[in-house]
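Peer 1: Next up, target_27.tsv (TSV, N, CA and C atoms).
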```tsv
chain	number	residue	atom	x	y	z
A	298	MET	N	-162.79	-123.92	3.88
A	298	MET	CA	-163.37	-124.35	5.14
A	298	MET	C	-163.24	-123.25	6.20
A	299	THR	N	-162.10	-122.52	6.19
A	299	THR	CA	-161.91	-121.45	7.16
A	299	THR	C	-163.03	-120.43	7.05
A	300	GLY	N	-163.45	-120.13	5.82
A	300	GLY	CA	-164.51	-119.15	5.59
A	300	GLY	C	-165.83	-119.56	6.21
A	301	ASP	N	-166.06	-120.85	6.38
A	301	ASP	CA	-167.31	-121.32	6.98
A	301	ASP	C	-167.29	-121.19	8.50
A	302	LEU	N	-166.13	-121.30	9.11
A	302	LEU	CA	-166.03	-121.30	10.57
A	302	LEU	C	-166.05	-119.90	11.17
A	303	LEU	N	-165.42	-118.96	10.51
A	303	LEU	CA	-165.31	-117.62	11.08
A	303	LEU	C	-166.66	-116.92	11.25
A	304	PRO	N	-167.57	-116.98	10.27
A	304	PRO	CA	-168.88	-116.34	10.50
A	304	PRO	C	-169.65	-116.97	11.67
A	305	VAL	N	-169.51	-118.26	11.84
A	305	VAL	CA	-170.18	-118.93	12.97
A	305	VAL	C	-169.58	-118.42	14.28
A	306	ALA	N	-168.25	-118.30	14.32
A	306	ALA	CA	-167.58	-117.80	15.52
A	306	ALA	C	-168.02	-116.37	15.83
A	307	VAL	N	-168.08	-115.53	14.81
A	307	VAL	CA	-168.50	-114.13	15.01
A	307	VAL	C	-169.93	-114.07	15.52
A	308	GLY	N	-170.80	-114.95	15.00
A	308	GLY	CA	-172.18	-114.98	15.44
A	308	GLY	C	-172.34	-115.36	16.90
A	309	LEU	N	-171.38	-116.11	17.43
A	309	LEU	CA	-171.45	-116.55	18.83
A	309	LEU	C	-170.68	-115.63	19.79
A	310	LEU	N	-169.94	-114.67	19.24
A	310	LEU	CA	-169.07	-113.84	20.08
A	310	LEU	C	-169.77	-113.17	21.26
A	311	ASN	N	-170.93	-112.65	21.06
A	311	ASN	CA	-171.61	-111.90	22.12
A	311	ASN	C	-172.70	-112.69	22.83
A	312	LYS	N	-172.73	-113.99	22.59
A	312	LYS	CA	-173.73	-114.82	23.28
A	312	LYS	C	-173.14	-115.33	24.59
A	313	PRO	N	-173.87	-115.19	25.67
A	313	PRO	CA	-173.35	-115.63	26.98
A	313	PRO	C	-173.07	-117.14	26.99
A	314	GLY	N	-171.97	-117.49	27.62
A	314	GLY	CA	-171.63	-118.89	27.80
A	314	GLY	C	-171.02	-119.57	26.57
A	315	GLN	N	-170.71	-118.82	25.53
A	315	GLN	CA	-170.19	-119.41	24.30
A	315	GLN	C	-168.72	-119.07	24.05
A	316	THR	N	-168.05	-118.49	25.03
A	316	THR	CA	-166.69	-118.02	24.77
A	316	THR	C	-165.73	-119.17	24.43
A	317	ARG	N	-165.84	-120.27	25.14
A	317	ARG	CA	-164.94	-121.39	24.84
A	317	ARG	C	-165.26	-121.99	23.48
A	318	THR	N	-166.52	-122.00	23.09
A	318	THR	CA	-166.92	-122.49	21.77
A	318	THR	C	-166.29	-121.62	20.68
A	319	VAL	N	-166.31	-120.31	20.89
A	319	VAL	CA	-165.71	-119.39	19.92
A	319	VAL	C	-164.20	-119.64	19.83
A	320	ALA	N	-163.57	-119.86	20.97
A	320	ALA	CA	-162.12	-120.15	20.97
A	320	ALA	C	-161.84	-121.42	20.17
A	321	PHE	N	-162.66	-122.45	20.35
A	321	PHE	CA	-162.50	-123.69	19.57
A	321	PHE	C	-162.65	-123.43	18.08
A	322	LEU	N	-163.66	-122.65	17.71
A	322	LEU	CA	-163.89	-122.37	16.29
A	322	LEU	C	-162.75	-121.56	15.68
A	323	LEU	N	-162.23	-120.59	16.42
A	323	LEU	CA	-161.10	-119.81	15.92
A	323	LEU	C	-159.86	-120.68	15.75
A	324	ARG	N	-159.61	-121.54	16.73
A	324	ARG	CA	-158.44	-122.42	16.62
A	324	ARG	C	-158.60	-123.39	15.45
A	325	LEU	N	-159.79	-123.92	15.27
A	325	LEU	CA	-160.05	-124.83	14.17
A	325	LEU	C	-159.88	-124.12	12.82
A	326	ALA	N	-160.33	-122.89	12.72
A	326	ALA	CA	-160.16	-122.11	11.49
A	326	ALA	C	-158.67	-121.89	11.21
A	327	LEU	N	-157.91	-121.58	12.25
A	327	LEU	CA	-156.47	-121.41	12.10
A	327	LEU	C	-155.82	-122.71	11.60
A	328	GLU	N	-156.20	-123.83	12.19
A	328	GLU	CA	-155.61	-125.11	11.80
A	328	GLU	C	-155.98	-125.48	10.37
A	329	HIS	N	-157.20	-125.18	9.95
A	329	HIS	CA	-157.59	-125.44	8.56
A	329	HIS	C	-156.79	-124.58	7.59
A	330	GLU	N	-156.53	-123.34	7.99
A	330	GLU	CA	-155.75	-122.46	7.12
A	330	GLU	C	-154.31	-122.96	7.00
A	331	VAL	N	-153.74	-123.45	8.08
A	331	VAL	CA	-152.38	-124.00	8.02
A	331	VAL	C	-152.35	-125.24	7.11
A	332	ASP	N	-153.36	-126.09	7.22
A	332	ASP	CA	-153.45	-127.26	6.33
A	332	ASP	C	-153.53	-126.83	4.87
A	333	ALA	N	-154.35	-125.84	4.58
A	333	ALA	CA	-154.48	-125.34	3.21
A	333	ALA	C	-153.17	-124.72	2.73
A	334	PHE	N	-152.45	-124.08	3.63
A	334	PHE	CA	-151.15	-123.50	3.28
A	334	PHE	C	-150.19	-124.57	2.79
A	335	TRP	N	-150.15	-125.71	3.50
A	335	TRP	CA	-149.22	-126.77	3.08
A	335	TRP	C	-149.60	-127.34	1.71
A	336	LEU	N	-150.87	-127.39	1.41
A	336	LEU	CA	-151.28	-127.85	0.09
A	336	LEU	C	-150.86	-126.85	-0.98
A	337	ARG	N	-150.97	-125.54	-0.70
A	337	ARG	CA	-150.50	-124.52	-1.65
A	337	ARG	C	-148.99	-124.57	-1.82
A	338	ALA	N	-148.29	-124.97	-0.75
A	338	ALA	CA	-146.83	-125.04	-0.80
A	338	ALA	C	-146.34	-126.36	-1.38
A	339	ALA	N	-147.26	-127.17	-1.89
A	339	ALA	CA	-146.93	-128.48	-2.49
A	339	ALA	C	-146.28	-129.43	-1.49
A	340	LEU	N	-146.78	-129.41	-0.25
A	340	LEU	CA	-146.32	-130.31	0.80
A	340	LEU	C	-147.54	-131.01	1.41
A	341	PRO	N	-148.17	-131.89	0.62
A	341	PRO	CA	-149.46	-132.46	1.05
A	341	PRO	C	-149.39	-133.41	2.24
A	342	THR	N	-148.21	-133.90	2.61
A	342	THR	CA	-148.13	-134.82	3.75
A	342	THR	C	-147.94	-134.10	5.08
A	343	LEU	N	-147.55	-132.84	5.05
A	343	LEU	CA	-147.29	-132.12	6.30
A	343	LEU	C	-148.54	-131.93	7.17
A	344	PRO	N	-149.75	-131.79	6.60
A	344	PRO	CA	-150.91	-131.67	7.49
A	344	PRO	C	-151.15	-132.88	8.40
A	345	ARG	N	-150.49	-133.99	8.13
A	345	ARG	CA	-150.64	-135.16	9.01
A	345	ARG	C	-149.79	-135.04	10.28
A	346	ALA	N	-148.84	-134.12	10.27
A	346	ALA	CA	-147.97	-133.92	11.43
A	346	ALA	C	-148.73	-133.17	12.52
A	347	PRO	N	-148.29	-133.29	13.77
A	347	PRO	CA	-148.94	-132.51	14.84
A	347	PRO	C	-148.87	-131.01	14.54
A	348	MET	N	-149.84	-130.26	15.02
A	348	MET	CA	-149.92	-128.83	14.72
A	348	MET	C	-148.69	-128.08	15.20
A	349	ARG	N	-148.17	-128.44	16.35
A	349	ARG	CA	-146.98	-127.76	16.86
A	349	ARG	C	-145.80	-127.92	15.89
A	350	THR	N	-145.66	-129.10	15.32
A	350	THR	CA	-144.61	-129.36	14.33
A	350	THR	C	-144.85	-128.53	13.08
A	351	GLN	N	-146.08	-128.48	12.63
A	351	GLN	CA	-146.41	-127.69	11.44
A	351	GLN	C	-146.07	-126.22	11.66
A	352	LEU	N	-146.39	-125.71	12.84
A	352	LEU	CA	-146.12	-124.30	13.12
A	352	LEU	C	-144.62	-124.02	13.17
A	353	LEU	N	-143.84	-124.96	13.66
A	353	LEU	CA	-142.39	-124.79	13.67
A	353	LEU	C	-141.83	-124.80	12.25
A	354	CYS	N	-142.41	-125.61	11.37
A	354	CYS	CA	-141.96	-125.69	9.98
A	354	CYS	C	-142.32	-124.45	9.17
A	355	LEU	N	-143.30	-123.71	9.63
A	355	LEU	CA	-143.75	-122.52	8.89
A	355	LEU	C	-142.64	-121.50	8.67
A	356	THR	N	-141.68	-121.42	9.57
A	356	THR	CA	-140.63	-120.40	9.44
A	356	THR	C	-139.83	-120.58	8.16
A	357	ALA	N	-139.79	-121.79	7.62
A	357	ALA	CA	-139.05	-122.02	6.38
A	357	ALA	C	-139.86	-121.65	5.14
A	358	TYR	N	-141.16	-121.47	5.29
A	358	TYR	CA	-142.02	-121.25	4.13
A	358	TYR	C	-142.78	-119.93	4.14
A	359	THR	N	-142.70	-119.20	5.23
A	359	THR	CA	-143.33	-117.88	5.31
A	359	THR	C	-142.43	-116.99	6.17
A	360	ALA	N	-142.76	-115.73	6.26
A	360	ALA	CA	-141.94	-114.80	7.03
A	360	ALA	C	-141.86	-115.25	8.49
A	361	PRO	N	-140.69	-115.16	9.10
A	361	PRO	CA	-140.56	-115.57	10.51
A	361	PRO	C	-141.52	-114.84	11.45
A	362	SER	N	-141.78	-113.56	11.18
A	362	SER	CA	-142.71	-112.82	12.04
A	362	SER	C	-144.13	-113.36	11.90
A	363	THR	N	-144.52	-113.75	10.70
A	363	THR	CA	-145.85	-114.33	10.48
A	363	THR	C	-145.95	-115.67	11.21
A	364	ALA	N	-144.92	-116.48	11.08
A	364	ALA	CA	-144.91	-117.78	11.74
A	364	ALA	C	-144.98	-117.62	13.26
A	365	ALA	N	-144.25	-116.64	13.80
A	365	ALA	CA	-144.25	-116.41	15.24
A	365	ALA	C	-145.62	-115.94	15.73
A	366	ARG	N	-146.24	-115.02	14.98
A	366	ARG	CA	-147.57	-114.54	15.36
A	366	ARG	C	-148.59	-115.68	15.32
A	367	LEU	N	-148.49	-116.51	14.29
A	367	LEU	CA	-149.44	-117.62	14.16
A	367	LEU	C	-149.25	-118.62	15.30
A	368	HIS	N	-148.01	-118.93	15.64
A	368	HIS	CA	-147.73	-119.86	16.73
A	368	HIS	C	-148.24	-119.30	18.05
A	369	SER	N	-148.02	-118.01	18.27
A	369	SER	CA	-148.49	-117.38	19.50
A	369	SER	C	-150.02	-117.41	19.58
A	370	LEU	N	-150.68	-117.11	18.47
A	370	LEU	CA	-152.14	-117.13	18.45
A	370	LEU	C	-152.67	-118.52	18.70
A	371	TRP	N	-152.07	-119.52	18.06
A	371	TRP	CA	-152.52	-120.90	18.26
A	371	TRP	C	-152.34	-121.32	19.72
A	372	SER	N	-151.21	-120.93	20.32
A	372	SER	CA	-150.96	-121.28	21.72
A	372	SER	C	-151.99	-120.64	22.65
A	373	GLN	N	-152.31	-119.38	22.40
A	373	GLN	CA	-153.30	-118.68	23.24
A	373	GLN	C	-154.68	-119.31	23.08
A	374	LEU	N	-155.05	-119.64	21.85
A	374	LEU	CA	-156.35	-120.27	21.63
A	374	LEU	C	-156.40	-121.66	22.25
A	375	SER	N	-155.30	-122.41	22.14
A	375	SER	CA	-155.26	-123.74	22.74
A	375	SER	C	-155.42	-123.66	24.25
A	376	GLN	N	-154.77	-122.69	24.86
A	376	GLN	CA	-154.90	-122.50	26.31
A	376	GLN	C	-156.34	-122.16	26.67
A	377	ALA	N	-156.97	-121.32	25.85
A	377	ALA	CA	-158.36	-120.92	26.12
A	377	ALA	C	-159.33	-122.08	25.93
A	378	CYS	N	-158.98	-123.05	25.11
A	378	CYS	CA	-159.87	-124.18	24.84
A	378	CYS	C	-159.88	-125.20	25.96
A	379	HIS	N	-158.85	-125.22	26.77
A	379	HIS	CA	-158.76	-126.20	27.84
A	379	HIS	C	-159.45	-125.68	29.10
A	380	TYR	N	-160.35	-126.48	29.60
A	380	TYR	CA	-161.11	-126.10	30.78
A	380	TYR	C	-160.33	-126.48	32.04
A	381	HIS	N	-160.17	-125.51	32.91
A	381	HIS	CA	-159.60	-125.74	34.24
A	381	HIS	C	-160.53	-125.05	35.23
A	382	SER	N	-160.89	-125.74	36.28
A	382	SER	CA	-161.83	-125.17	37.24
A	382	SER	C	-161.28	-123.94	37.94
A	383	TYR	N	-159.97	-123.76	37.94
A	383	TYR	CA	-159.36	-122.63	38.63
A	383	TYR	C	-159.06	-121.46	37.70
A	384	GLU	N	-159.44	-121.57	36.42
A	384	GLU	CA	-159.21	-120.48	35.47
A	384	GLU	C	-160.52	-119.96	34.92
A	385	LEU	N	-160.55	-118.69	34.61
A	385	LEU	CA	-161.72	-118.09	34.00
A	385	LEU	C	-161.75	-118.41	32.51
A	386	SER	N	-162.93	-118.40	31.93
A	386	SER	CA	-163.07	-118.54	30.49
A	386	SER	C	-162.50	-117.30	29.82
A	387	PRO	N	-162.16	-117.39	28.53
A	387	PRO	CA	-161.66	-116.19	27.85
A	387	PRO	C	-162.76	-115.12	27.81
A	388	THR	N	-162.34	-113.88	27.83
A	388	THR	CA	-163.31	-112.77	27.78
A	388	THR	C	-163.68	-112.49	26.33
A	389	VAL	N	-164.79	-111.78	26.15
A	389	VAL	CA	-165.23	-111.40	24.81
A	389	VAL	C	-164.18	-110.49	24.17
A	390	HIS	N	-163.56	-109.64	24.96
A	390	HIS	CA	-162.50	-108.76	24.44
A	390	HIS	C	-161.33	-109.58	23.90
A	391	GLU	N	-160.91	-110.59	24.64
A	391	GLU	CA	-159.83	-111.46	24.16
A	391	GLU	C	-160.22	-112.15	22.86
A	392	LEU	N	-161.44	-112.64	22.80
A	392	LEU	CA	-161.91	-113.33	21.60
A	392	LEU	C	-161.93	-112.40	20.39
A	393	HIS	N	-162.38	-111.16	20.59
A	393	HIS	CA	-162.36	-110.17	19.50
A	393	HIS	C	-160.93	-109.93	19.03
A	394	HIS	N	-160.02	-109.80	19.98
A	394	HIS	CA	-158.61	-109.58	19.63
A	394	HIS	C	-158.06	-110.77	18.83
A	395	TRP	N	-158.32	-111.99	19.29
A	395	TRP	CA	-157.83	-113.17	18.58
A	395	TRP	C	-158.45	-113.28	17.19
A	396	HIS	N	-159.72	-112.93	17.08
A	396	HIS	CA	-160.40	-112.97	15.79
A	396	HIS	C	-159.74	-111.99	14.82
A	397	HIS	N	-159.48	-110.76	15.27
A	397	HIS	CA	-158.84	-109.77	14.41
A	397	HIS	C	-157.41	-110.17	14.06
A	398	GLU	N	-156.72	-110.77	15.00
A	398	GLU	CA	-155.35	-111.25	14.74
A	398	GLU	C	-155.38	-112.34	13.66
A	399	LEU	N	-156.32	-113.25	13.77
A	399	LEU	CA	-156.44	-114.32	12.77
A	399	LEU	C	-156.76	-113.73	11.39
A	400	LEU	N	-157.68	-112.80	11.34
A	400	LEU	CA	-158.03	-112.18	10.06
A	400	LEU	C	-156.83	-111.45	9.46
A	401	SER	N	-155.99	-110.85	10.29
A	401	SER	CA	-154.82	-110.13	9.77
A	401	SER	C	-153.77	-111.08	9.21
A	402	LEU	N	-153.81	-112.34	9.62
A	402	LEU	CA	-152.83	-113.33	9.14
A	402	LEU	C	-153.31	-114.09	7.90
A	403	LEU	N	-154.60	-114.01	7.60
A	403	LEU	CA	-155.16	-114.80	6.49
A	403	LEU	C	-155.19	-114.00	5.21
A	404	PRO	N	-154.98	-114.64	4.07
A	404	PRO	CA	-154.42	-115.97	3.91
A	404	PRO	C	-152.92	-115.96	4.18
A	405	LEU	N	-152.40	-117.06	4.64
A	405	LEU	CA	-150.96	-117.13	4.95
A	405	LEU	C	-150.15	-116.95	3.68
A	406	PRO	N	-149.25	-115.98	3.66
A	406	PRO	CA	-148.46	-115.75	2.45
A	406	PRO	C	-147.30	-116.74	2.34
A	407	LEU	N	-147.11	-117.26	1.15
A	407	LEU	CA	-146.00	-118.17	0.87
A	407	LEU	C	-144.77	-117.36	0.57
A	408	LYS	N	-143.65	-117.65	1.25
A	408	LYS	CA	-142.41	-116.93	1.04
A	408	LYS	C	-141.88	-117.28	-0.36
A	409	PRO	N	-141.48	-116.28	-1.14
A	409	PRO	CA	-140.94	-116.58	-2.47
A	409	PRO	C	-139.65	-117.39	-2.36
A	410	PRO	N	-139.42	-118.33	-3.30
A	410	PRO	CA	-138.20	-119.13	-3.23
A	410	PRO	C	-136.97	-118.26	-3.44
A	411	PRO	N	-135.84	-118.66	-2.84
A	411	PRO	CA	-134.61	-117.86	-2.95
A	411	PRO	C	-134.06	-117.83	-4.35
```
For this file, write the structure as structure tokens.

Peer 2:
Amino acid sequence: MTGDLLPVAVGLLNKPGQTRTVAFLLRLALEHEVDAFWLRAALPTLPRAPMRTQLLCLTAYTAPSTAARLHSLWSQLSQACHYHSYELSPTVHELHHWHHELLSLLPLPLKPPP
């Protein structure tokens, strides 16, 4: 599913007025990848938990630096998705950066068991 969302997001990157839509698509792609990660890790019930909880649990199943980067990216995208009349929409540069950051994290590597 992540593979379907990213090309759509890239196609909208340079279209005026679509920055928040791209942020939503990137965040959704990230969330789908986290859900798929839990299925690969044989933890099929964890995708039912709130995303913040899932991101906190990632440190036990992947490298702490990967989990921290993913949590930071999700937080930035979530902030960009919320509309506030006193804040600007995310810039195209920010969206490109978040897109590249997401691509660098995919697929999420499973930490080998001890």

Peer 1: Got a sec: who's within 12 Å of Val389 in chain A, counting only C-alpha atoms, leaving out chain neighbours fewer than 2 positions off, as a list in words?

Peer 2: Ala306, Val307, Leu309, Leu310, Asn311, Lys312, Pro313, Gly314, Gln315, Thr316, Arg317, Thr318, Val319, Ala320, Ala377, Leu385, Ser386, Pro387, Glu391, Leu392, His393, His394, Trp395 and His396 of chain A

Peer 1: With only C-alpha atoms as the counted atoms, please give the residues lying no more than 9 Å from Val331 in chain A, apart from itself and same-chain residues fewer than 6 positions off, as a PyMOL selection string.

Peer 2: chain A and resi 344+348+351-352+355+405

Peer 1: From chain A, collect each residue whose DSSP state is alpha helix (DSSP H) and return the set as a PyMOL selection string.

Peer 2: chain A and resi 299-309+316-337+348-354+361-378+389-402

Peer 1: Restricting the calculation to all atoms listed in the file: of A:Ala364, A:Leu407, A:Leu400, A:Gln376, which residue gets closest to Phe334 in chain A?

Peer 2: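 Counting all atoms listed in the file, the residue closest to Phe334 in chain A is A:Leu407.
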
Peer 1: Can you tell me, as AutoDock Vina command-line options, the centre and edge lengths (Å, one decimal) of the axis-aligned box enclosing all of range 335-339 of chain A's listed atoms after padding each side by 8 Å?

Peer 2:
```
--center_x -148.8 --center_y -127.0 --center_z 0.5 --size_x 21.0 --size_y 20.9 --size_z 22.0
```
